Amino acid sequence: MKHLHHVIVIGTSAGGMPALCQLVAQLPAELPASVFIVQHLAPDSSGQYLIERLASHTSLRCHLAEDGQHIGKGHLYLAPPDRHLLVKDGHVMVTKGPRENHYRPAADALFRSAAAAYGPLAIGVVLTGMLHDGTAGLELIKRAGGIALVQDPHEAEYSSMPSSALANVPIDYSVPISEMGALLQQLCETRPEEKHLVPDDILLEAAIAERVVGKTPEVQQLGRQVPLTCPECGGTLWEMVHGKVLRYRCHTGHAYTADSLLRDSQESLEETLWVALRMMEERKNLLTSMAIRGEGQWSVQQEERVDELKQHINRLREFLLNGRTTKNPIGKVDAESSQAG
């Protein structure tokens with residue numbers, strides 16, 4: 001192993017800054033490791049404010065990451081807003097690559113790069129946050145011989161991210177924030193007992209994220225093409241065949257866990273149903289106007305169509321607002337299928 005020290009890569013989202021401040025306060029200036037942090041941020045956030053806040057709680061030398069920076073022990077690097085933070089060959093990479101699970105920066109992108117570049121010297125940490133970012137990245141770190149930690153979900157302000165990791169990855173440690181600093185110091189002082197070769201698929205996927213490669217033949221080496229399209233760019237998706245966490249990516253570089261992709265499809269379906277509701281409302285209004293102006297049998301037919309359409313509209317609105325309906329709103333959509341979706 002050409003690297004001489006560990007890297008600690010941390011991913012967090014909602015509730016992350018208080019947890020990060022509590023964690024980094026436990027890490028000494030002489031920590032024999034480098035620390036890299038992805039905190040989900042809005043694109044217009046002030047990264048400088050956040051790094052100053054972290055610096056006020058720790059003796060580590062804190063930086064808002066810049067492309068090409070040398071990686072040093074006892075240094076902390078925070079991903080800038082709207083940029084991925086990667087590590088490679090002893091230096092930092094900051095890129096505006098494709099979003100992963102709709103995030104940029106994404107913990108999965110950072111974790112994957114650490115797995116590829118540092119193998120068993122990579123320590124991945126998932127803290128409080130919503131949804132699933134970090135789960136796939138922790139699995140890659142484990143497959144590369146590294147160590148996976150999560151914050152105890154019972155004490156996390158938002159438990160989704162650590163709970164997702166625990167449910168899908170063989171986590172080495174699940175501990176409260178108050179115990180994590182001492183544990184990380186202990187792990188950084190322990191050298192891997194044996195060499196561990198990083199799997200080729202991790203190296204290739206990391207290279208794609210670094211924009212070294214990214215054409216269709218390279219992606220085909222990672223998975224099998226499936227009849228699904230990328231929510232971000234509309235391109236074809238490949239289902240990853242390595243590891244246990246079900247993942248998808250397009251040749252452009254957008255990547256998703258199955259849970260993230262399912263959530264995206266649910267949101268798209270809901271948006272489509274709201275559009276359908278609007279169109280049905282407009283059709284009802286038009287039929288009402290036609291019925292008012294009509295006479296005799298024509299008017300009666302239009303009124304019957306309006307009454308029927310009102311029933312469909314009411315059932316669809318109930319389904320959208322409550323997630324279920326006691327009667328079939330349109331076609332075969334019923335209460336059971338609404339719960340499944």
# chains A, B, ... in the order shown; residues from 1 in each chain; ligands from 1

$ residues_around --residues "stretch 104-109 of chain A" --least-positions-apart "4" --cutoff "10 Å" --atoms "only C-alpha atoms" --output "ChimeraX atom specification"
/A:9-13,36-43,79-87,94-100,113-114,124-126,132-141,205-206,209-210,255-257

$ write_last_selection --atoms "N, CA and C atoms" --output "short mmCIF file (atom, residue, chain, number, x, y, z; two decimals), in the first residue's frame"
data_model
loop_
_atom_site.label_atom_id
_atom_site.label_comp_id
_atom_site.auth_asym_id
_atom_site.auth_seq_id
_atom_site.Cartn_x
_atom_site.Cartn_y
_atom_site.Cartn_z
N VAL A 9 -13.60 9.39 5.84
CA VAL A 9 -14.55 10.06 4.96
C VAL A 9 -15.92 10.03 5.64
N ILE A 10 -16.54 11.19 5.74
CA ILE A 10 -17.77 11.35 6.52
C ILE A 10 -18.86 11.90 5.63
N GLY A 11 -20.04 11.30 5.71
CA GLY A 11 -21.19 11.79 4.97
C GLY A 11 -22.34 12.10 5.92
N THR A 12 -22.99 13.23 5.71
CA THR A 12 -24.11 13.62 6.56
C THR A 12 -25.02 14.57 5.81
N SER A 13 -26.23 14.73 6.33
CA SER A 13 -27.20 15.60 5.67
C SER A 13 -27.95 16.38 6.75
N PHE A 36 -12.25 13.94 5.53
CA PHE A 36 -12.98 14.52 4.41
C PHE A 36 -14.47 14.46 4.71
N ILE A 37 -15.16 15.56 4.46
CA ILE A 37 -16.57 15.65 4.86
C ILE A 37 -17.43 16.07 3.68
N VAL A 38 -18.51 15.35 3.48
CA VAL A 38 -19.59 15.77 2.59
C VAL A 38 -20.81 16.06 3.46
N GLN A 39 -21.22 17.32 3.46
CA GLN A 39 -22.46 17.75 4.09
C GLN A 39 -23.37 18.23 2.97
N HIS A 40 -24.55 17.65 2.84
CA HIS A 40 -25.46 18.08 1.79
C HIS A 40 -25.77 19.56 1.95
N LEU A 41 -25.56 20.32 0.87
CA LEU A 41 -25.71 21.77 0.91
C LEU A 41 -26.53 22.24 -0.27
N ALA A 42 -27.22 23.35 -0.09
CA ALA A 42 -27.85 24.01 -1.23
C ALA A 42 -26.74 24.62 -2.09
N PRO A 43 -26.95 24.70 -3.42
CA PRO A 43 -25.89 25.22 -4.30
C PRO A 43 -25.41 26.62 -3.94
N ALA A 79 -16.33 19.46 1.47
CA ALA A 79 -16.76 19.60 0.08
C ALA A 79 -17.45 20.95 -0.12
N PRO A 80 -17.07 21.70 -1.16
CA PRO A 80 -17.73 22.97 -1.45
C PRO A 80 -19.16 22.73 -1.92
N PRO A 81 -20.03 23.73 -1.82
CA PRO A 81 -21.39 23.57 -2.33
C PRO A 81 -21.38 23.26 -3.83
N ASP A 82 -22.27 22.38 -4.25
CA ASP A 82 -22.49 22.04 -5.65
C ASP A 82 -21.25 21.46 -6.32
N ARG A 83 -20.37 20.82 -5.56
CA ARG A 83 -19.18 20.18 -6.09
C ARG A 83 -18.97 18.84 -5.39
N HIS A 84 -18.56 17.83 -6.16
CA HIS A 84 -18.17 16.57 -5.54
C HIS A 84 -16.75 16.70 -5.00
N LEU A 85 -16.51 16.05 -3.88
CA LEU A 85 -15.18 15.97 -3.28
C LEU A 85 -14.68 14.54 -3.44
N LEU A 86 -13.53 14.38 -4.12
CA LEU A 86 -12.93 13.07 -4.36
C LEU A 86 -11.49 13.09 -3.87
N VAL A 87 -10.93 11.89 -3.64
CA VAL A 87 -9.51 11.78 -3.27
C VAL A 87 -8.83 10.84 -4.26
N VAL A 94 -11.81 18.22 -6.80
CA VAL A 94 -13.11 18.89 -6.66
C VAL A 94 -13.70 19.03 -8.05
N THR A 95 -14.84 18.39 -8.28
CA THR A 95 -15.40 18.34 -9.62
C THR A 95 -16.89 18.68 -9.59
N LYS A 96 -17.39 19.14 -10.72
CA LYS A 96 -18.83 19.33 -10.87
C LYS A 96 -19.37 18.20 -11.74
N GLY A 97 -19.12 16.98 -11.27
CA GLY A 97 -19.57 15.81 -12.00
C GLY A 97 -21.07 15.60 -11.85
N PRO A 98 -21.61 14.58 -12.51
CA PRO A 98 -23.04 14.29 -12.43
C PRO A 98 -23.49 14.02 -10.99
N ARG A 99 -24.71 14.39 -10.67
CA ARG A 99 -25.26 14.14 -9.35
C ARG A 99 -25.41 12.64 -9.11
N GLU A 100 -25.29 12.27 -7.85
CA GLU A 100 -25.53 10.88 -7.45
C GLU A 100 -26.63 10.87 -6.41
N SER A 113 -14.35 7.05 -4.08
CA SER A 113 -12.98 7.46 -4.41
C SER A 113 -12.00 7.04 -3.32
N ALA A 114 -12.43 7.10 -2.05
CA ALA A 114 -11.58 6.67 -0.95
C ALA A 114 -11.34 5.17 -1.00
N GLY A 124 -15.04 4.80 6.51
CA GLY A 124 -16.25 5.52 6.13
C GLY A 124 -17.18 5.71 7.30
N VAL A 125 -17.75 6.91 7.41
CA VAL A 125 -18.62 7.27 8.53
C VAL A 125 -19.90 7.91 7.99
N VAL A 126 -21.05 7.39 8.39
CA VAL A 126 -22.34 7.99 8.03
C VAL A 126 -23.00 8.51 9.30
N HIS A 132 -30.79 8.00 1.58
CA HIS A 132 -29.92 6.83 1.51
C HIS A 132 -28.48 7.13 1.10
N ASP A 133 -28.09 8.39 0.93
CA ASP A 133 -26.73 8.67 0.49
C ASP A 133 -25.73 8.12 1.51
N GLY A 134 -24.67 7.51 1.02
CA GLY A 134 -23.64 6.93 1.88
C GLY A 134 -23.74 5.42 2.00
N THR A 135 -24.92 4.85 1.78
CA THR A 135 -25.08 3.39 1.91
C THR A 135 -24.24 2.65 0.88
N ALA A 136 -24.40 3.01 -0.39
CA ALA A 136 -23.64 2.35 -1.44
C ALA A 136 -22.15 2.59 -1.26
N GLY A 137 -21.77 3.80 -0.87
CA GLY A 137 -20.36 4.12 -0.67
C GLY A 137 -19.73 3.31 0.44
N LEU A 138 -20.47 3.09 1.53
CA LEU A 138 -19.94 2.27 2.62
C LEU A 138 -19.72 0.83 2.17
N GLU A 139 -20.62 0.32 1.34
CA GLU A 139 -20.41 -1.05 0.84
C GLU A 139 -19.14 -1.13 0.01
N LEU A 140 -18.88 -0.10 -0.80
CA LEU A 140 -17.66 -0.11 -1.61
C LEU A 140 -16.42 -0.07 -0.72
N ILE A 141 -16.48 0.72 0.34
CA ILE A 141 -15.35 0.77 1.28
C ILE A 141 -15.13 -0.59 1.91
N GLU A 205 -15.30 2.33 -11.68
CA GLU A 205 -16.36 3.28 -11.37
C GLU A 205 -15.79 4.59 -10.83
N ALA A 206 -14.70 4.51 -10.07
CA ALA A 206 -14.05 5.72 -9.59
C ALA A 206 -13.47 6.51 -10.76
N ALA A 209 -16.16 8.48 -12.45
CA ALA A 209 -16.51 9.68 -11.69
C ALA A 209 -15.45 10.77 -11.85
N GLU A 210 -14.21 10.36 -12.06
CA GLU A 210 -13.14 11.33 -12.26
C GLU A 210 -13.09 11.85 -13.69
N ALA A 255 -25.87 8.42 -10.83
CA ALA A 255 -25.94 7.13 -10.14
C ALA A 255 -27.03 7.18 -9.09
N TYR A 256 -27.63 6.00 -8.86
CA TYR A 256 -28.76 5.91 -7.92
C TYR A 256 -28.73 4.58 -7.20
N THR A 257 -29.14 4.58 -5.94
CA THR A 257 -29.52 3.33 -5.31
C THR A 257 -30.94 3.01 -5.77
#

$ select_by_dssp --residues "stretch 62-159 of chain A" --states "strand (DSSP E)" --output "list in words"
Cys62, His63, Leu64, His75, Leu76, Tyr77, Leu78, His84, Leu85, Leu86, Val87, Lys88, His91, Val92, Met93, Val94, Thr95, Ala122, Ile123, Gly124, Val125, Val126, Ile147, Ala148, Leu149, Val150 and Gln151 of chain A

$ write_last_selection --atoms "N, CA, C and O atoms" --output "compact mmCIF listing (two decimals), in the first residue's frame"
# COMPACT_ATOMS: atom_id res chain seq x y z
N CYS A 62 -8.46 23.11 9.07
CA CYS A 62 -9.68 22.96 8.29
C CYS A 62 -9.61 23.74 6.98
O CYS A 62 -9.15 24.89 6.96
N HIS A 63 -10.08 23.11 5.91
CA HIS A 63 -10.03 23.73 4.58
C HIS A 63 -11.36 23.51 3.85
O HIS A 63 -11.95 22.43 3.94
N LEU A 64 -11.80 24.52 3.13
CA LEU A 64 -12.82 24.32 2.12
C LEU A 64 -12.08 23.76 0.92
O LEU A 64 -11.22 24.42 0.35
N HIS A 75 -5.41 17.19 8.81
CA HIS A 75 -6.15 18.20 8.04
C HIS A 75 -7.57 17.71 7.78
O HIS A 75 -7.81 16.51 7.60
N LEU A 76 -8.49 18.65 7.73
CA LEU A 76 -9.90 18.38 7.44
C LEU A 76 -10.29 19.13 6.18
O LEU A 76 -9.98 20.33 6.04
N TYR A 77 -11.00 18.47 5.29
CA TYR A 77 -11.41 19.06 4.02
C TYR A 77 -12.93 18.92 3.86
O TYR A 77 -13.47 17.82 3.97
N LEU A 78 -13.60 20.04 3.62
CA LEU A 78 -15.05 20.05 3.45
C LEU A 78 -15.40 20.26 1.99
O LEU A 78 -14.83 21.14 1.32
N HIS A 84 -18.56 17.83 -6.16
CA HIS A 84 -18.17 16.57 -5.54
C HIS A 84 -16.75 16.70 -5.00
O HIS A 84 -15.88 17.35 -5.60
N LEU A 85 -16.51 16.05 -3.88
CA LEU A 85 -15.18 15.97 -3.28
C LEU A 85 -14.68 14.54 -3.44
O LEU A 85 -15.32 13.59 -2.97
N LEU A 86 -13.53 14.38 -4.12
CA LEU A 86 -12.93 13.07 -4.36
C LEU A 86 -11.49 13.09 -3.87
O LEU A 86 -10.88 14.16 -3.72
N VAL A 87 -10.93 11.89 -3.64
CA VAL A 87 -9.51 11.78 -3.27
C VAL A 87 -8.83 10.84 -4.26
O VAL A 87 -9.42 9.86 -4.70
N LYS A 88 -7.56 11.18 -4.60
CA LYS A 88 -6.82 10.35 -5.56
C LYS A 88 -5.34 10.68 -5.49
O LYS A 88 -4.95 11.85 -5.55
N HIS A 91 -3.92 13.58 -3.37
CA HIS A 91 -4.41 14.94 -3.51
C HIS A 91 -5.93 14.96 -3.63
O HIS A 91 -6.57 13.93 -3.83
N VAL A 92 -6.48 16.15 -3.48
CA VAL A 92 -7.92 16.35 -3.51
C VAL A 92 -8.38 16.62 -4.93
O VAL A 92 -7.70 17.31 -5.70
N MET A 93 -9.54 16.10 -5.28
CA MET A 93 -10.19 16.44 -6.54
C MET A 93 -11.55 17.06 -6.22
O MET A 93 -12.32 16.51 -5.43
N VAL A 94 -11.81 18.22 -6.80
CA VAL A 94 -13.11 18.89 -6.66
C VAL A 94 -13.70 19.03 -8.05
O VAL A 94 -13.11 19.68 -8.91
N THR A 95 -14.84 18.39 -8.28
CA THR A 95 -15.40 18.34 -9.62
C THR A 95 -16.89 18.68 -9.59
O THR A 95 -17.56 18.50 -8.56
N ALA A 122 -9.13 3.18 4.26
CA ALA A 122 -10.29 4.07 4.22
C ALA A 122 -11.26 3.71 5.35
O ALA A 122 -11.59 2.55 5.57
N ILE A 123 -11.71 4.73 6.05
CA ILE A 123 -12.71 4.57 7.12
C ILE A 123 -13.91 5.43 6.74
O ILE A 123 -13.80 6.66 6.66
N GLY A 124 -15.04 4.80 6.51
CA GLY A 124 -16.25 5.52 6.13
C GLY A 124 -17.18 5.71 7.30
O GLY A 124 -17.39 4.79 8.10
N VAL A 125 -17.75 6.91 7.41
CA VAL A 125 -18.62 7.27 8.53
C VAL A 125 -19.90 7.91 7.99
O VAL A 125 -19.82 8.87 7.22
N VAL A 126 -21.05 7.39 8.39
CA VAL A 126 -22.34 7.99 8.03
C VAL A 126 -23.00 8.51 9.30
O VAL A 126 -23.19 7.76 10.26
N ILE A 147 -13.12 0.14 6.64
CA ILE A 147 -13.95 0.01 7.84
C ILE A 147 -15.16 0.93 7.71
O ILE A 147 -15.05 2.05 7.21
N ALA A 148 -16.33 0.45 8.17
CA ALA A 148 -17.58 1.20 8.07
C ALA A 148 -18.14 1.49 9.46
O ALA A 148 -18.31 0.58 10.27
N LEU A 149 -18.43 2.77 9.70
CA LEU A 149 -19.04 3.21 10.95
C LEU A 149 -20.32 3.98 10.65
O LEU A 149 -20.41 4.66 9.62
N VAL A 150 -21.27 3.90 11.56
CA VAL A 150 -22.44 4.77 11.48
C VAL A 150 -22.76 5.30 12.86
O VAL A 150 -22.46 4.66 13.88
N GLN A 151 -23.37 6.47 12.88
CA GLN A 151 -23.90 7.01 14.12
C GLN A 151 -25.07 6.13 14.56
O GLN A 151 -25.88 5.68 13.73

$ closest_residue --among "A:Thr272, A:Thr190, A:Gln302, A:Gln26" --to "A:Leu316" --atoms "only C-alpha atoms"
A:Thr272

$ closest_residue --among "A:Leu273, A:Leu31, A:Leu54, A:Ile313" --to "A:Met17" --atoms "only C-alpha atoms"
A:Leu54

$ closest_residue --among "A:Gly181, A:Ser34, A:Ala276, A:Tyr118" --to "A:Leu203" --atoms "only C-alpha atoms"
A:Tyr118

$ select_by_dssp --residues "stretch 12-142 of chain A" --states "alpha helix (DSSP H)" --output "number ranges by chain"
A: 16-24, 47-55, 107-118, 135-142

$ atom_distance --atom1 "atom CA of A:Ser265" --atom2 "atom CA of A:Pro170"
28.0 Å

$ decode --residues "stretch 125-138 of chain A" --atoms "all heavy atoms" --output "PDB file, in the first residue's frame"
ATOM      1  N   VAL A 125     -17.749   6.914   7.410  1.00  0.00           N
ATOM      2  CA  VAL A 125     -18.622   7.267   8.534  1.00  0.00           C
ATOM      3  C   VAL A 125     -19.896   7.906   7.994  1.00  0.00           C
ATOM      4  O   VAL A 125     -19.823   8.873   7.221  1.00  0.00           O
ATOM      5  CB  VAL A 125     -17.932   8.245   9.511  1.00  0.00           C
ATOM      6  CG1 VAL A 125     -18.850   8.553  10.697  1.00  0.00           C
ATOM      7  CG2 VAL A 125     -16.589   7.699   9.980  1.00  0.00           C
ATOM      8  N   VAL A 126     -21.048   7.389   8.392  1.00  0.00           N
ATOM      9  CA  VAL A 126     -22.335   7.987   8.034  1.00  0.00           C
ATOM     10  C   VAL A 126     -22.997   8.514   9.301  1.00  0.00           C
ATOM     11  O   VAL A 126     -23.191   7.764  10.261  1.00  0.00           O
ATOM     12  CB  VAL A 126     -23.249   6.969   7.320  1.00  0.00           C
ATOM     13  CG1 VAL A 126     -24.674   7.513   7.220  1.00  0.00           C
ATOM     14  CG2 VAL A 126     -22.725   6.656   5.935  1.00  0.00           C
ATOM     15  N   LEU A 127     -23.335   9.795   9.268  1.00  0.00           N
ATOM     16  CA  LEU A 127     -23.998  10.450  10.403  1.00  0.00           C
ATOM     17  C   LEU A 127     -25.456  10.744  10.054  1.00  0.00           C
ATOM     18  O   LEU A 127     -25.972  10.292   9.042  1.00  0.00           O
ATOM     19  CB  LEU A 127     -23.256  11.744  10.765  1.00  0.00           C
ATOM     20  CG  LEU A 127     -21.764  11.627  11.074  1.00  0.00           C
ATOM     21  CD1 LEU A 127     -21.197  13.000  11.420  1.00  0.00           C
ATOM     22  CD2 LEU A 127     -21.516  10.646  12.217  1.00  0.00           C
ATOM     23  N   THR A 128     -26.095  11.509  10.895  1.00  0.00           N
ATOM     24  CA  THR A 128     -27.493  11.870  10.741  1.00  0.00           C
ATOM     25  C   THR A 128     -27.806  12.390   9.339  1.00  0.00           C
ATOM     26  O   THR A 128     -26.986  13.062   8.721  1.00  0.00           O
ATOM     27  CB  THR A 128     -27.883  12.944  11.781  1.00  0.00           C
ATOM     28  OG1 THR A 128     -29.199  13.451  11.491  1.00  0.00           O
ATOM     29  CG2 THR A 128     -26.921  14.121  11.739  1.00  0.00           C
ATOM     30  N   GLY A 129     -28.987  12.060   8.847  1.00  0.00           N
ATOM     31  CA  GLY A 129     -29.391  12.549   7.530  1.00  0.00           C
ATOM     32  C   GLY A 129     -30.601  11.805   7.018  1.00  0.00           C
ATOM     33  O   GLY A 129     -30.959  10.735   7.518  1.00  0.00           O
ATOM     34  N   MET A 130     -31.231  12.372   6.004  1.00  0.00           N
ATOM     35  CA  MET A 130     -32.411  11.769   5.406  1.00  0.00           C
ATOM     36  C   MET A 130     -32.035  10.995   4.144  1.00  0.00           C
ATOM     37  O   MET A 130     -31.050  11.299   3.487  1.00  0.00           O
ATOM     38  CB  MET A 130     -33.449  12.854   5.090  1.00  0.00           C
ATOM     39  CG  MET A 130     -33.925  13.629   6.325  1.00  0.00           C
ATOM     40  SD  MET A 130     -35.074  14.960   5.928  1.00  0.00           S
ATOM     41  CE  MET A 130     -36.486  14.004   5.344  1.00  0.00           C
ATOM     42  N   LEU A 131     -32.843  10.001   3.838  1.00  0.00           N
ATOM     43  CA  LEU A 131     -32.720   9.165   2.645  1.00  0.00           C
ATOM     44  C   LEU A 131     -31.502   8.242   2.719  1.00  0.00           C
ATOM     45  O   LEU A 131     -31.166   7.779   3.800  1.00  0.00           O
ATOM     46  CB  LEU A 131     -32.750  10.019   1.382  1.00  0.00           C
ATOM     47  CG  LEU A 131     -34.031  10.880   1.236  1.00  0.00           C
ATOM     48  CD1 LEU A 131     -33.980  11.712  -0.030  1.00  0.00           C
ATOM     49  CD2 LEU A 131     -35.270  10.022   1.299  1.00  0.00           C
ATOM     50  N   HIS A 132     -30.795   7.996   1.584  1.00  0.00           N
ATOM     51  CA  HIS A 132     -29.916   6.832   1.508  1.00  0.00           C
ATOM     52  C   HIS A 132     -28.477   7.134   1.105  1.00  0.00           C
ATOM     53  O   HIS A 132     -27.706   6.190   0.907  1.00  0.00           O
ATOM     54  CB  HIS A 132     -30.499   5.830   0.503  1.00  0.00           C
ATOM     55  CG  HIS A 132     -31.987   5.665   0.615  1.00  0.00           C
ATOM     56  ND1 HIS A 132     -32.579   4.974   1.636  1.00  0.00           N
ATOM     57  CD2 HIS A 132     -32.993   6.139  -0.168  1.00  0.00           C
ATOM     58  CE1 HIS A 132     -33.897   5.010   1.483  1.00  0.00           C
ATOM     59  NE2 HIS A 132     -34.178   5.703   0.396  1.00  0.00           N
ATOM     60  N   ASP A 133     -28.091   8.387   0.930  1.00  0.00           N
ATOM     61  CA  ASP A 133     -26.728   8.669   0.491  1.00  0.00           C
ATOM     62  C   ASP A 133     -25.734   8.117   1.510  1.00  0.00           C
ATOM     63  O   ASP A 133     -25.928   8.250   2.719  1.00  0.00           O
ATOM     64  CB  ASP A 133     -26.544  10.181   0.315  1.00  0.00           C
ATOM     65  CG  ASP A 133     -25.249  10.524  -0.406  1.00  0.00           C
ATOM     66  OD1 ASP A 133     -24.758   9.683  -1.180  1.00  0.00           O
ATOM     67  OD2 ASP A 133     -24.742  11.638  -0.207  1.00  0.00           O
ATOM     68  N   GLY A 134     -24.668   7.505   1.019  1.00  0.00           N
ATOM     69  CA  GLY A 134     -23.645   6.926   1.879  1.00  0.00           C
ATOM     70  C   GLY A 134     -23.736   5.421   2.003  1.00  0.00           C
ATOM     71  O   GLY A 134     -22.726   4.756   2.281  1.00  0.00           O
ATOM     72  N   THR A 135     -24.917   4.847   1.782  1.00  0.00           N
ATOM     73  CA  THR A 135     -25.081   3.394   1.912  1.00  0.00           C
ATOM     74  C   THR A 135     -24.244   2.654   0.876  1.00  0.00           C
ATOM     75  O   THR A 135     -23.454   1.758   1.212  1.00  0.00           O
ATOM     76  CB  THR A 135     -26.559   3.005   1.768  1.00  0.00           C
ATOM     77  OG1 THR A 135     -27.313   3.571   2.858  1.00  0.00           O
ATOM     78  CG2 THR A 135     -26.726   1.494   1.786  1.00  0.00           C
ATOM     79  N   ALA A 136     -24.404   3.010  -0.390  1.00  0.00           N
ATOM     80  CA  ALA A 136     -23.640   2.346  -1.444  1.00  0.00           C
ATOM     81  C   ALA A 136     -22.150   2.589  -1.263  1.00  0.00           C
ATOM     82  O   ALA A 136     -21.328   1.686  -1.470  1.00  0.00           O
ATOM     83  CB  ALA A 136     -24.097   2.838  -2.818  1.00  0.00           C
ATOM     84  N   GLY A 137     -21.772   3.800  -0.871  1.00  0.00           N
ATOM     85  CA  GLY A 137     -20.364   4.116  -0.673  1.00  0.00           C
ATOM     86  C   GLY A 137     -19.731   3.305   0.442  1.00  0.00           C
ATOM     87  O   GLY A 137     -18.574   2.863   0.329  1.00  0.00           O
ATOM     88  N   LEU A 138     -20.475   3.093   1.534  1.00  0.00           N
ATOM     89  CA  LEU A 138     -19.941   2.269   2.624  1.00  0.00           C
ATOM     90  C   LEU A 138     -19.721   0.833   2.172  1.00  0.00           C
ATOM     91  O   LEU A 138     -18.738   0.196   2.563  1.00  0.00           O
ATOM     92  CB  LEU A 138     -20.888   2.290   3.823  1.00  0.00           C
ATOM     93  CG  LEU A 138     -20.809   3.488   4.768  1.00  0.00           C
ATOM     94  CD1 LEU A 138     -21.753   3.298   5.948  1.00  0.00           C
ATOM     95  CD2 LEU A 138     -19.391   3.718   5.269  1.00  0.00           C
TER      96      LEU A 138
END
